[in-house]
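Down below is the structure, laid out as structure tokens.
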Amino acid sequence: MKRKRIALLVLVCAVAVGAAALALSGTWGRRPFKSLSAEDIAAASVTLTPPGETVEIAELEELADDLNAVVIYRKDNSYTESVGQSCVFSLTLADGTTLEVNAYNPFIIIDGVGYRCEYEPCEALNSFANRLLDGQ
């Protein structure tokens with residue numbers, strides 16, 4: 001009976017330590033734009049590099065929906081060592097503030113601060129930007 005209690009105590013401690021380590025490592029994501037709506041965006045554009053083109057965004061509802069889905073994890077500025085297409089969304093919000101969101105999978109850079117992110121939402125932003133460029 002005593003061995004079962006000790007084993008149960010060890011198991012509970014291991015689960016608690018694992019949960020604490022998970023929480024501290026930032027593996028649980030957060031959604032920085034979860035409350036952003038199309039009405040909050042006064043104007044938006046996206047610059048794609050390559051090819052170095054900028055497109056004004058009229059589809060603010062789709063942009064807001066794609067940004068709502070973005071999930072970020074821990075800060076990670078190693079995006080500077082990556083190669084690929086960068087889609088920099090420049091937003092002017094209804095309250096006059098500006099925001100720059102760079103979709104650079106597997107990173108999202110928000111006002112110059114890089115974060116690891118969930119792949120699919122970032123890819124959706126990239127696809128949205130490329131559709132806008134193709135429709136020009």
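Here, A, B, ... name the chains of the structure tokens in the order displayed, residue numbers run from 1 inside each chain, and ligands are numbered from 1 in the same displayed order.
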
Give me the residues within 7 Å of range 88-98 of chain A as a list in words, counting only C-alpha atoms and dropping any in the same chain fewer than 5 places off.
->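 So the residues in contact are Asp40, Ile41, Ala42, Ala43, Ala44, Ser45, Val46, Thr47, Leu48 and Ala103 of chain A.
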
As a count of residues only, which residues of range 48-119 of chain A does DSSP assign to alpha helix (DSSP H)?
-> 10

12 Å contact set for Leu133 in chain A, only C-alpha atoms, chain neighbours under 2 positions out, as an NGL selection string | :A and (45-57 or 87 or 126-131 or 135-136)

Strand (DSSP E or B) positions in range 92-126 of chain A, given as a list in words | Thr92, Leu93, Thr98, Leu99, Glu100, Val101, Asn102, Ala103, Tyr104, Phe107, Ile108, Ile109, Ile110, Val113, Gly114, Tyr115, Arg116 and Cys117 of chain A

Determine, counting only C-alpha atoms, which protein, DNA and RNA residues have an atom within 10 Å of an atom of Pro106 in chain A; residues of the same chain fewer than 4 positions away are not included. Present the result as a count of residues only.
-> 12

Tell me which of A:Ile109, A:Val83, A:Tyr73, A:Gly114 sits closest to Arg30 in chain A, counting only C-alpha atoms.
-> A:Tyr73

Quick one: residues within 6 Å of Phe33 in chain A, only C-alpha atoms counted, chain neighbours fewer than 3 positions away excluded, as a list in words?
->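 Using only C-alpha atoms, the neighbours found are Leu36, Leu67 and Asn68 of chain A.
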
Pull all heavy atoms from the residues just selected and write them as a compact mmCIF listing (two decimals), in the first residue's frame.
# COMPACT_ATOMS: atom_id res chain seq x y z
N LEU A 36 -9.34 41.88 -33.01
CA LEU A 36 -9.26 42.84 -34.12
C LEU A 36 -10.39 42.57 -35.11
O LEU A 36 -10.61 41.43 -35.52
CB LEU A 36 -7.91 42.73 -34.82
CG LEU A 36 -7.64 43.72 -35.95
CD1 LEU A 36 -7.41 45.11 -35.36
CD2 LEU A 36 -6.43 43.28 -36.76
N LEU A 67 -5.74 37.64 -39.53
CA LEU A 67 -4.96 38.08 -38.36
C LEU A 67 -5.52 37.50 -37.06
O LEU A 67 -4.77 37.16 -36.15
CB LEU A 67 -4.90 39.60 -38.29
CG LEU A 67 -4.00 40.28 -39.31
CD1 LEU A 67 -4.21 41.79 -39.30
CD2 LEU A 67 -2.54 39.94 -39.06
N ASN A 68 -6.86 37.37 -36.98
CA ASN A 68 -7.49 36.76 -35.80
C ASN A 68 -6.98 35.35 -35.54
O ASN A 68 -6.88 34.92 -34.40
CB ASN A 68 -9.01 36.70 -35.94
CG ASN A 68 -9.69 38.03 -35.84
OD1 ASN A 68 -10.81 38.17 -36.28
ND2 ASN A 68 -9.06 39.03 -35.27
